[in-house]
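K.L.:
One file is attached below, query-v3.txt, containing compact mmCIF, C-alpha atoms.
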# COMPACT_ATOMS: atom_id res chain seq x y z
CA MET A 1 -59.28 -37.82 13.73
CA ILE A 2 -57.44 -39.87 16.33
CA ASN A 3 -54.56 -40.39 13.87
CA SER A 4 -54.36 -36.65 13.20
CA ASN A 5 -54.06 -35.91 16.92
CA GLU A 6 -51.33 -38.51 17.28
CA ASN A 7 -49.44 -36.95 14.38
CA ASN A 8 -49.65 -33.52 15.99
CA LYS A 9 -48.39 -35.00 19.24
CA ASP A 10 -45.29 -36.37 17.45
CA GLU A 11 -44.57 -33.03 15.80
CA LYS A 12 -41.71 -31.00 17.26
CA LYS A 13 -40.10 -27.77 16.10
CA ILE A 14 -36.56 -27.03 15.05
CA VAL A 15 -34.81 -23.71 14.49
CA LEU A 16 -33.49 -23.60 10.94
CA LYS A 17 -30.79 -21.00 10.25
CA ILE A 18 -30.35 -20.49 6.54
CA PHE A 19 -27.45 -18.62 4.95
CA ARG A 20 -28.72 -15.92 2.58
CA GLU A 21 -26.73 -14.17 -0.11
CA ASN A 22 -27.52 -12.97 -3.60
CA THR A 23 -24.32 -12.41 -5.55
CA ALA A 24 -26.19 -11.01 -8.59
CA GLN A 25 -27.73 -8.23 -6.49
CA LYS A 26 -24.58 -7.95 -4.35
CA THR A 27 -26.57 -8.11 -1.11
CA ASP A 28 -24.77 -8.61 2.18
CA SER A 29 -24.74 -12.17 3.45
CA HIS A 30 -26.78 -12.93 6.54
CA TYR A 31 -28.72 -15.74 8.20
CA ASP A 32 -32.51 -16.03 8.30
CA THR A 33 -34.07 -18.06 11.09
CA PHE A 34 -37.24 -20.15 10.79
CA ASN A 35 -39.15 -22.35 13.21
CA VAL A 36 -40.01 -25.49 11.29
CA PRO A 37 -42.13 -28.43 12.45
CA TYR A 38 -40.57 -31.84 11.96
CA LYS A 39 -41.16 -35.50 12.61
CA LYS A 40 -38.86 -38.44 13.16
CA TRP A 41 -38.30 -39.00 9.46
CA THR A 42 -38.11 -35.36 8.30
CA THR A 43 -34.93 -34.58 6.39
CA VAL A 44 -33.18 -31.22 6.23
CA LEU A 45 -34.31 -30.96 2.59
CA ASP A 46 -37.93 -31.50 3.69
CA ALA A 47 -37.51 -28.71 6.24
CA LEU A 48 -35.99 -26.37 3.64
CA LEU A 49 -38.83 -27.11 1.23
CA TYR A 50 -41.32 -26.43 4.04
CA VAL A 51 -39.69 -23.01 4.52
CA LYS A 52 -39.83 -22.39 0.78
CA SER A 53 -43.49 -23.44 0.54
CA TYR A 54 -44.96 -21.75 3.63
CA MET A 55 -42.55 -19.15 4.99
CA ASP A 56 -40.17 -17.64 2.44
CA PRO A 57 -40.38 -18.67 -1.23
CA SER A 58 -37.23 -16.69 -2.07
CA VAL A 59 -34.91 -19.22 -0.39
CA ALA A 60 -32.72 -20.69 -3.15
CA ILE A 61 -31.88 -24.39 -2.97
CA ARG A 62 -30.93 -26.97 -5.59
CA TYR A 63 -32.37 -30.47 -5.36
CA SER A 64 -33.80 -33.17 -7.55
CA CYS A 65 -34.11 -36.84 -6.64
CA ARG A 66 -34.59 -36.60 -2.82
CA MET A 67 -32.90 -40.00 -2.38
CA ALA A 68 -29.12 -39.36 -2.47
CA SER A 69 -28.76 -40.36 -6.09
CA CYS A 70 -28.41 -37.09 -7.99
CA GLY A 71 -26.01 -35.25 -5.68
CA SER A 72 -27.74 -31.89 -6.15
CA CYS A 73 -28.62 -30.91 -2.59
CA GLY A 74 -25.12 -30.81 -1.10
CA MET A 75 -24.70 -28.12 1.53
CA LYS A 76 -22.91 -27.48 4.81
CA ILE A 77 -25.23 -28.63 7.59
CA ASN A 78 -24.05 -27.82 11.10
CA GLY A 79 -20.55 -27.28 9.79
CA ILE A 80 -20.20 -30.52 7.83
CA PRO A 81 -20.79 -30.98 4.09
CA ARG A 82 -23.76 -33.33 3.69
CA LEU A 83 -26.65 -34.09 1.35
CA ALA A 84 -29.77 -32.36 2.70
CA CYS A 85 -31.99 -35.19 1.46
CA TYR A 86 -29.88 -37.79 3.25
CA THR A 87 -29.67 -36.00 6.61
CA LYS A 88 -32.52 -36.53 9.05
CA ILE A 89 -33.19 -33.74 11.52
CA SER A 90 -33.72 -36.22 14.35
CA GLU A 91 -30.27 -37.72 13.78
CA LEU A 92 -28.51 -34.36 14.13
CA GLU A 93 -29.60 -34.17 17.79
CA THR A 94 -29.45 -30.37 17.97
CA SER A 95 -32.13 -27.74 18.56
CA THR A 96 -30.75 -25.47 15.82
CA ILE A 97 -29.70 -26.49 12.34
CA GLU A 98 -27.43 -24.21 10.38
CA CYS A 99 -27.52 -24.57 6.58
CA GLU A 100 -24.77 -22.93 4.57
CA PRO A 101 -23.54 -23.28 0.98
CA LEU A 102 -20.73 -25.75 0.29
CA PRO A 103 -17.31 -24.29 1.05
CA ASN A 104 -14.57 -24.12 -1.65
CA LEU A 105 -17.22 -23.32 -4.29
CA PRO A 106 -18.45 -19.84 -5.34
CA VAL A 107 -21.93 -18.98 -4.08
CA ILE A 108 -24.54 -18.14 -6.71
CA ARG A 109 -27.41 -17.52 -4.33
CA ASP A 110 -28.25 -18.68 -0.77
CA LEU A 111 -27.45 -22.41 -0.67
CA VAL A 112 -26.74 -22.77 -4.39
CA THR A 113 -23.10 -22.93 -5.44
CA ASP A 114 -21.35 -22.85 -8.82
CA PHE A 115 -19.97 -26.28 -9.75
CA SER A 116 -18.16 -25.15 -12.95
CA ARG A 117 -14.67 -25.47 -11.51
CA PHE A 118 -15.49 -28.83 -9.93
CA PHE A 119 -16.82 -30.25 -13.21
CA ASN A 120 -13.87 -28.81 -15.16
CA HIS A 121 -11.47 -30.75 -12.93
CA HIS A 122 -13.61 -33.84 -13.47
CA LYS A 123 -13.57 -33.32 -17.24
CA ASN A 124 -9.79 -32.80 -17.30
CA ILE A 125 -9.08 -36.31 -16.07
CA GLN A 126 -10.86 -37.74 -19.15
CA PRO A 127 -13.55 -39.64 -17.24
CA TYR A 128 -14.40 -42.20 -19.88
CA ILE A 129 -13.05 -45.53 -21.05
CA GLN A 130 -10.55 -45.12 -23.85
CA SER A 131 -10.20 -48.07 -26.16
CA LYS A 132 -8.64 -48.00 -29.61
CA ASP A 133 -11.41 -50.23 -30.92
CA GLY A 134 -14.21 -48.17 -29.47
CA VAL A 135 -16.62 -49.39 -26.84
CA ASP A 136 -20.14 -48.93 -27.94
CA ASP A 137 -20.55 -46.24 -30.52
CA PRO A 138 -23.21 -47.03 -33.12
CA ASP A 139 -22.74 -43.61 -34.77
CA THR A 140 -19.25 -44.45 -36.03
CA GLU A 141 -18.20 -47.18 -38.39
CA LYS A 142 -16.13 -48.81 -35.66
CA LYS A 143 -17.15 -52.27 -34.64
CA THR A 144 -18.59 -52.67 -31.19
CA PHE A 145 -17.28 -55.09 -28.59
CA SER A 146 -18.27 -56.57 -25.32
CA PHE A 147 -15.56 -56.75 -22.67
CA TYR A 148 -15.12 -59.63 -20.28
CA GLN A 149 -14.10 -58.73 -16.74
CA SER A 150 -13.67 -61.05 -13.77
CA PRO A 151 -15.27 -60.11 -10.42
CA ASP A 152 -11.74 -59.28 -9.18
CA ASP A 153 -11.26 -56.86 -12.08
CA VAL A 154 -14.53 -55.12 -11.20
CA ASP A 155 -13.75 -55.00 -7.47
CA LYS A 156 -10.67 -52.88 -8.17
CA TYR A 157 -12.74 -49.88 -9.26
CA LEU A 158 -16.34 -50.65 -8.31
CA GLN A 159 -16.61 -48.48 -5.17
CA PHE A 160 -15.20 -45.49 -7.06
CA SER A 161 -17.88 -45.83 -9.72
CA TYR A 162 -20.53 -45.11 -7.06
CA CYS A 163 -19.51 -41.43 -7.08
CA ILE A 164 -22.53 -39.17 -7.72
CA LYS A 165 -20.46 -35.98 -8.18
CA CYS A 166 -22.17 -34.20 -5.30
CA GLY A 167 -19.02 -32.19 -4.54
CA LEU A 168 -19.03 -32.92 -0.78
CA CYS A 169 -15.48 -34.32 -0.85
CA TYR A 170 -14.30 -31.35 -2.91
CA SER A 171 -15.79 -28.89 -0.44
CA ALA A 172 -14.34 -30.75 2.56
CA CYS A 173 -10.82 -30.89 1.10
CA PRO A 174 -8.39 -28.53 2.90
CA THR A 175 -6.03 -28.47 -0.10
CA VAL A 176 -8.77 -27.24 -2.42
CA GLY A 177 -9.38 -24.47 0.13
CA THR A 178 -5.92 -23.03 -0.58
CA ASP A 179 -5.07 -24.32 -4.05
CA LEU A 180 -7.80 -23.91 -6.69
CA LYS A 181 -5.69 -25.70 -9.32
CA PHE A 182 -5.67 -28.87 -7.23
CA PRO A 183 -8.03 -31.35 -8.99
CA GLY A 184 -9.65 -32.39 -5.71
CA PRO A 185 -10.50 -35.82 -4.32
CA GLN A 186 -13.41 -36.49 -6.66
CA ALA A 187 -11.42 -36.03 -9.87
CA LEU A 188 -8.43 -37.95 -8.53
CA ALA A 189 -10.57 -40.85 -7.35
CA GLN A 190 -12.25 -40.95 -10.75
CA LEU A 191 -8.85 -40.98 -12.42
CA TYR A 192 -8.05 -44.08 -10.38
CA ARG A 193 -11.44 -45.56 -11.30
CA TYR A 194 -10.60 -45.42 -15.02
CA TYR A 195 -6.92 -46.25 -14.53
CA ALA A 196 -7.86 -49.48 -12.72
CA ASP A 197 -10.50 -50.46 -15.26
CA THR A 198 -9.26 -53.31 -17.49
CA ARG A 199 -11.32 -51.98 -20.40
CA ASP A 200 -9.32 -48.75 -20.44
CA GLU A 201 -6.25 -48.53 -22.70
CA ALA A 202 -5.28 -44.88 -22.12
CA LYS A 203 -1.48 -44.60 -21.92
CA ASN A 204 -0.84 -41.27 -20.27
CA ARG A 205 -3.66 -40.96 -17.78
CA LEU A 206 -1.34 -40.47 -14.81
CA ASP A 207 0.52 -37.59 -16.50
CA ILE A 208 -2.65 -35.48 -16.29
CA VAL A 209 -2.25 -35.07 -12.54
CA ASP A 210 1.54 -35.31 -12.28
CA ASP A 211 2.24 -31.58 -12.01
CA ARG A 212 2.88 -28.91 -9.39
CA HIS A 213 -0.77 -28.63 -8.39
CA GLY A 214 -1.63 -32.26 -9.04
CA ILE A 215 -1.98 -35.38 -6.97
CA TRP A 216 1.12 -34.73 -4.82
CA ARG A 217 -0.51 -31.76 -3.13
CA CYS A 218 -2.96 -34.02 -1.26
CA HIS A 219 -2.20 -33.72 2.48
CA PHE A 220 -4.09 -36.91 3.26
CA ALA A 221 -6.45 -35.19 5.70
CA GLY A 222 -9.01 -37.89 4.86
CA SER A 223 -11.99 -35.53 5.20
CA CYS A 224 -13.08 -36.43 1.64
CA SER A 225 -13.70 -40.05 2.61
CA LYS A 226 -15.41 -39.03 5.83
CA VAL A 227 -18.09 -36.89 4.17
CA CYS A 228 -18.85 -39.09 1.14
CA PRO A 229 -22.54 -40.06 1.29
CA LYS A 230 -22.03 -43.07 -1.00
CA GLY A 231 -19.25 -44.75 0.96
CA VAL A 232 -16.59 -44.03 -1.65
CA ASP A 233 -13.07 -43.64 -0.25
CA PRO A 234 -11.37 -41.01 -2.46
CA ALA A 235 -8.37 -40.85 -0.12
CA LEU A 236 -7.74 -44.54 -0.83
CA GLY A 237 -7.93 -43.90 -4.59
CA ILE A 238 -5.39 -41.09 -4.27
CA GLN A 239 -2.97 -43.22 -2.27
CA LEU A 240 -3.32 -46.11 -4.73
CA LEU A 241 -2.59 -43.75 -7.63
CA ARG A 242 0.45 -42.42 -5.79
CA SER A 243 1.76 -45.92 -5.21
CA TYR A 244 1.56 -46.59 -8.95
CA MET A 245 3.30 -43.30 -9.72
CA LEU A 246 6.10 -44.00 -7.24
CA GLY A 247 6.55 -47.51 -8.61
CA ILE A 248 5.65 -49.13 -5.25
CA SER A 249 2.71 -50.88 -6.93
CA LYS A 250 3.22 -52.34 -10.36
CA ASN A 251 0.48 -51.87 -12.85
CA ASP A 252 0.01 -55.44 -14.03
CA LYS A 253 -3.36 -54.67 -15.56
CA LYS A 254 -4.31 -57.14 -18.25
CA LEU A 255 -6.71 -55.64 -20.73
CA ALA A 256 -10.14 -57.20 -20.80
CA GLU A 257 -10.80 -59.74 -23.51
CA LYS A 258 -12.94 -58.28 -26.28
CA ILE A 259 -15.58 -60.10 -28.23
CA GLU A 260 -17.02 -58.43 -31.28
CA ILE A 261 -20.73 -57.81 -31.10
CA GLN A 262 -22.74 -58.56 -34.20
CA THR A 263 -25.13 -55.82 -35.07
CA ASP A 264 -28.73 -56.56 -36.05
CA GLU A 265 -28.00 -55.81 -39.72
CA GLU A 266 -25.04 -58.23 -39.79
CA SER A 267 -26.98 -61.02 -38.15
CA ILE A 268 -29.75 -60.66 -40.72
CA MET B 1 -0.10 -30.41 -17.98
CA GLU B 2 3.43 -29.04 -18.19
CA ARG B 3 5.86 -31.17 -20.16
CA HIS B 4 8.78 -28.75 -20.50
CA ARG B 5 10.21 -29.30 -17.03
CA MET B 6 13.33 -31.31 -16.33
CA LEU B 7 11.69 -33.45 -13.68
CA LYS B 8 8.12 -34.59 -13.29
CA GLU B 9 6.50 -33.84 -9.94
CA SER B 10 6.41 -37.58 -9.21
CA GLN B 11 10.19 -37.76 -9.69
CA ILE B 12 10.71 -34.77 -7.39
CA MET B 13 8.48 -36.41 -4.77
CA LYS B 14 10.44 -39.66 -5.09
CA ILE B 15 13.59 -37.70 -4.26
CA HIS B 16 11.70 -35.99 -1.43
CA TYR B 17 10.63 -39.29 0.18
CA ILE B 18 14.02 -40.99 -0.34
CA THR B 19 15.95 -38.06 1.19
CA GLY B 20 13.48 -37.93 4.10
CA ILE B 21 13.83 -41.62 4.92
CA ALA B 22 17.62 -41.60 4.44
CA ALA B 23 17.90 -38.52 6.68
CA ILE B 24 16.24 -40.43 9.54
CA PHE B 25 19.09 -42.97 9.50
CA VAL B 26 21.99 -40.55 9.23
CA VAL B 27 20.54 -38.21 11.87
CA ALA B 28 20.06 -41.25 14.12
CA VAL B 29 23.77 -42.07 13.72
CA HIS B 30 24.60 -38.42 14.38
CA ILE B 31 22.60 -38.44 17.65
CA LEU B 32 24.10 -41.78 18.70
CA MET B 33 27.58 -40.32 18.16
CA ARG B 34 26.68 -37.56 20.63
CA LEU B 35 25.50 -40.10 23.19
CA ILE B 36 28.67 -42.22 23.33
CA VAL B 37 30.33 -39.44 25.37
CA PRO B 38 28.83 -37.26 28.16
CA PHE B 39 26.60 -34.63 26.54
CA GLY B 40 28.66 -31.70 27.90
CA SER B 41 31.87 -33.18 26.51
CA SER B 42 30.26 -33.73 23.14
CA LEU B 43 29.94 -29.96 22.70
CA GLU B 44 33.55 -29.12 23.61
CA TYR B 45 35.65 -27.49 20.89
CA ASP B 46 38.35 -30.15 20.76
CA TYR B 47 35.83 -32.97 20.57
CA ILE B 48 33.96 -31.31 17.71
CA ILE B 49 37.17 -30.66 15.75
CA SER B 50 38.24 -34.27 16.33
CA ASN B 51 34.91 -35.36 14.85
CA TYR B 52 35.64 -33.41 11.70
CA LYS B 53 38.95 -35.29 11.40
CA ASN B 54 37.12 -38.63 11.44
CA ILE B 55 36.52 -39.39 7.76
CA PHE B 56 33.54 -41.69 8.56
CA TYR B 57 31.87 -38.93 10.56
CA VAL B 58 32.64 -36.36 7.86
CA PHE B 59 30.79 -38.58 5.42
CA ILE B 60 27.80 -38.73 7.80
CA LEU B 61 27.79 -34.94 8.28
CA GLU B 62 27.95 -34.29 4.54
CA SER B 63 25.10 -36.77 4.01
CA ILE B 64 22.98 -35.02 6.63
CA LEU B 65 23.71 -31.68 5.03
CA VAL B 66 22.75 -32.81 1.51
CA LEU B 67 19.71 -34.87 2.50
CA ILE B 68 18.20 -32.34 4.90
CA SER B 69 18.85 -29.43 2.52
CA ILE B 70 17.12 -31.13 -0.43
CA HIS B 71 14.25 -32.50 1.68
CA GLY B 72 13.73 -29.32 3.69
CA PHE B 73 13.84 -26.82 0.85
CA ASN B 74 11.60 -28.97 -1.34
CA GLY B 75 9.17 -29.08 1.58
CA ILE B 76 9.24 -25.28 1.75
CA ARG B 77 8.67 -25.16 -2.05
CA ILE B 78 5.62 -27.39 -1.71
CA ILE B 79 4.14 -25.24 1.07
CA LEU B 80 4.77 -21.99 -0.79
CA LEU B 81 3.31 -23.34 -4.06
CA GLU B 82 -0.10 -23.52 -2.40
CA LEU B 83 -0.10 -19.84 -1.48
CA ARG B 84 -0.58 -18.53 -5.01
CA GLN B 85 -1.41 -20.18 -8.30
CA ASN B 86 0.42 -18.42 -11.08
CA LYS B 87 3.44 -19.28 -13.22
CA ALA B 88 5.60 -16.33 -12.11
CA TRP B 89 5.18 -17.21 -8.43
CA GLU B 90 5.76 -20.92 -9.02
CA ASN B 91 8.92 -20.32 -11.05
CA MET B 92 10.23 -17.80 -8.53
CA ILE B 93 9.68 -20.21 -5.63
CA THR B 94 11.35 -23.05 -7.53
CA ILE B 95 14.40 -20.96 -8.47
CA MET B 96 14.72 -19.55 -4.94
CA THR B 97 14.52 -22.92 -3.21
CA ILE B 98 16.98 -24.57 -5.63
CA SER B 99 19.38 -21.64 -5.13
CA ALA B 100 19.03 -21.84 -1.35
CA THR B 101 19.65 -25.61 -1.43
CA VAL B 102 22.81 -25.22 -3.53
CA ALA B 103 24.05 -22.31 -1.41
CA LEU B 104 23.50 -24.15 1.88
CA ILE B 105 25.17 -27.33 0.63
CA ALA B 106 28.11 -25.31 -0.72
CA TYR B 107 28.57 -23.34 2.51
CA GLY B 108 28.19 -26.45 4.71
CA THR B 109 30.61 -28.45 2.58
CA ARG B 110 33.13 -25.61 2.78
CA THR B 111 32.85 -25.67 6.60
CA ILE B 112 33.35 -29.45 6.69
CA ILE B 113 36.39 -29.21 4.39
CA LEU B 114 37.97 -26.36 6.38
CA ALA B 115 37.40 -28.10 9.72
CA ASN B 116 38.76 -31.34 8.36
CA GLY B 117 41.87 -29.53 7.12
CA LEU B 118 41.84 -31.18 3.73
Let me see the file written as structure tokens.
P.N.:
Amino acid sequence: MINSNENNKDEKKIVLKIFRENTAQKTDSHYDTFNVPYKKWTTVLDALLYVKSYMDPSVAIRYSCRMASCGSCGMKINGIPRLACYTKISELETSTIECEPLPNLPVIRDLVTDFSRFFNHHKNIQPYIQSKDGVDDPDTEKKTFSFYQSPDDVDKYLQFSYCIKCGLCYSACPTVGTDLKFPGPQALAQLYRYYADTRDEAKNRLDIVDDRHGIWRCHFAGSCSKVCPKGVDPALGIQLLRSYMLGISKNDKKLAEKIEIQTDEESI
Amino acid sequence: MERHRMLKESQIMKIHYITGIAAIFVVAVHILMRLIVPFGSSLEYDYIISNYKNIFYVFILESILVLISIHGFNGIRIILLELRQNKAWENMITIMTISATVALIAYGTRTIILANGL
């Protein structure tokens, strides 16, 4: 009983303004306001789920892991693209929190946006290791190999492999705001991630983004790196790619040494 | 990916950066040439015509003209490309900026030649 009283004493209230729009029903967009109780550790996602559970079940949000791993709950919180599950209310230090859908992406409903264009750009850069011998494909008759990489080899691309495809960098990018053909920071950083990987043998990776709406349209605003919840620096990846394309940096990548893996059947 | 073009975008951007950096040096020389005489005198008719007779300065002026025209109009092309994303617009902008670059260089070169009295 004493603990319960103490918990109530800690509880404060925040005004949560949620953007509402239903594109299927073509309703006018507006904001709904809710008074939500919160504690020191309450996240914006917790508050939104509280609204959905006890106040208005029609609020549309997308979420999954609740621990900044899946990248589903990206939204604009107080004007900045953030993950709702990774943003504590107490850290925002405001009495009102405004939740809006991610900019630069079409709204489906309320805080849920359509990621089709974002994922298409990601797919276009061929985000997989290309090796003429195959990597690890038991369904084909190709032999499988293990690749040896030094810690230095891994360091060249490691931070870029932490990308969770949450779309925050894409929505913060001013170039994407005006040029929908621009691949965006996520796709370009992933291109660098595979280009720098010593297991990758793709020859024409850079040509994919060397066009009128490609990598050269980046204005280097740096907002992509600022909003990334995983500490990835897409702006750095873009500049590194550019330096390779301009010939300032030489690509002296030595392909990783391959050792054939014996399958269970062969070893028997 | 568009492979039919004469130059890749990375090659165009190389030209863009090189002309930009080179323009800084030639414009610096141009400004320094103005500062070696009192500013008022530097704008007098006879002084300007005498500059055009100086073959070294003519070379600097022509360089400024070519470098700034290429760099500037490519910059305008880049800005305008972002406005709309369709082939017709992109091709129109490219043709217009190349034409404007050629026209400006031609007209400026004509002026330099006439003033020099070649």
K.L.:
Out of B:Gln85, B:Glu62, B:Ala106, B:Tyr57, which residue has the shortest atom-to-atom distance to B:Ile31 when counting all atoms listed in the file?
P.N.:
B:Tyr57
K.L.:
Using only C-alpha atoms, I'd like every residue of chain A that has an atom within 8 Å of chain B; please write them out as a PyMOL selection string.
P.N.:
chain A and resi 178-181+207-213+216-217+245-246
K.L.:
Which polymer residues, protein or nucleic acid, are no farther than 12 Å from (-10.0, -38.6, 3.3), counting only C-alpha atoms, as a ChimeraX atom specification?
P.N.:
/A:168-175,184-186,188-189,218-228,231-239
K.L.:
Box in all listed atoms of stretch 104-118 of chain A, axis-aligned, with 8 Å more on each side; write out centre and edge lengths in Å to one decimal as AutoDock Vina command-line options.
P.N.:
--center_x -21.4 --center_y -23.2 --center_z -6.8 --size_x 29.7 --size_y 27.3 --size_z 28.3
K.L.:
Taking (-13.1, -53.6, -12.4) as a centre in this file's frame and 10 Å as the limit, can you find every polymer residue with an atom that close, using all atoms listed in the file, and give them as a list in words?
P.N.:
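These residues have at least one counted atom within 10 Å: Gln149, Ser150, Pro151, Asp152, Asp153, Val154, Asp155, Lys156, Tyr157, Leu158, Gln159, Phe160, Ser161, Arg193, Tyr194, Tyr195, Ala196, Asp197, Thr198, Arg199 and Ala256 of chain A.
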K.L.:
In Å, how far is it from atom CA of A:Ile14 to atom CA of A:Ser69?
P.N.:
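According to the coordinates, atom CA of A:Ile14 and atom CA of A:Ser69 are separated by 26.2 Å.
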K.L.:
Of the candidates A:Leu16, A:Ala187, A:Arg242, A:Cys99, which shows the shortest atom-to-atom distance to A:Cys163, using all atoms listed in the file?
P.N.:
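Looking at the shortest contact to A:Cys163, the residue is A:Ala187.
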K.L.:
Can you pull out the residues contacting stretch 92-97 of chain B? Cut-off 10 Å, using all atoms listed in the file, and skip same-chain residues under 6 positions away; I want them as a list in words.
P.N.:
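Within the cut-off, the hits are Ser69, Ile70, Gly72, Phe73, Asn74, Gly75, Ile76, Arg77, Ile78, Leu80, Leu81 and Ala103 of chain B.
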K.L.:
Write the selection just made, keeping C-alpha atoms, as a PDB file, in the coordinates of the input?
P.N.:
ATOM      1  CA  SER B  69      18.850 -29.430   2.520  1.00  0.00           C
ATOM      2  CA  ILE B  70      17.120 -31.130  -0.430  1.00  0.00           C
ATOM      3  CA  GLY B  72      13.730 -29.320   3.690  1.00  0.00           C
ATOM      4  CA  PHE B  73      13.840 -26.820   0.850  1.00  0.00           C
ATOM      5  CA  ASN B  74      11.600 -28.970  -1.340  1.00  0.00           C
ATOM      6  CA  GLY B  75       9.170 -29.080   1.580  1.00  0.00           C
ATOM      7  CA  ILE B  76       9.240 -25.280   1.750  1.00  0.00           C
ATOM      8  CA  ARG B  77       8.670 -25.160  -2.050  1.00  0.00           C
ATOM      9  CA  ILE B  78       5.620 -27.390  -1.710  1.00  0.00           C
ATOM     10  CA  LEU B  80       4.770 -21.990  -0.790  1.00  0.00           C
ATOM     11  CA  LEU B  81       3.310 -23.340  -4.060  1.00  0.00           C
ATOM     12  CA  ALA B 103      24.050 -22.310  -1.410  1.00  0.00           C
TER      13      ALA B 103
END
K.L.:
For atom CA of A:Lys258 and atom CA of A:Ala202, quote the distance in Å rounded to one decimal.
P.N.:
16.0 Å
K.L.:
For stretch 109-123 of chain A, list every protein, DNA or RNA residue within 8 Å, evaluated using all atoms listed in the file, and leave out those in the same chain fewer than 3 positions away; present the list as a ChimeraX atom specification.
P.N.:
/A:18-24,59-62,75,99-102,105-106,126-127,167,170,183-184,186-187,190
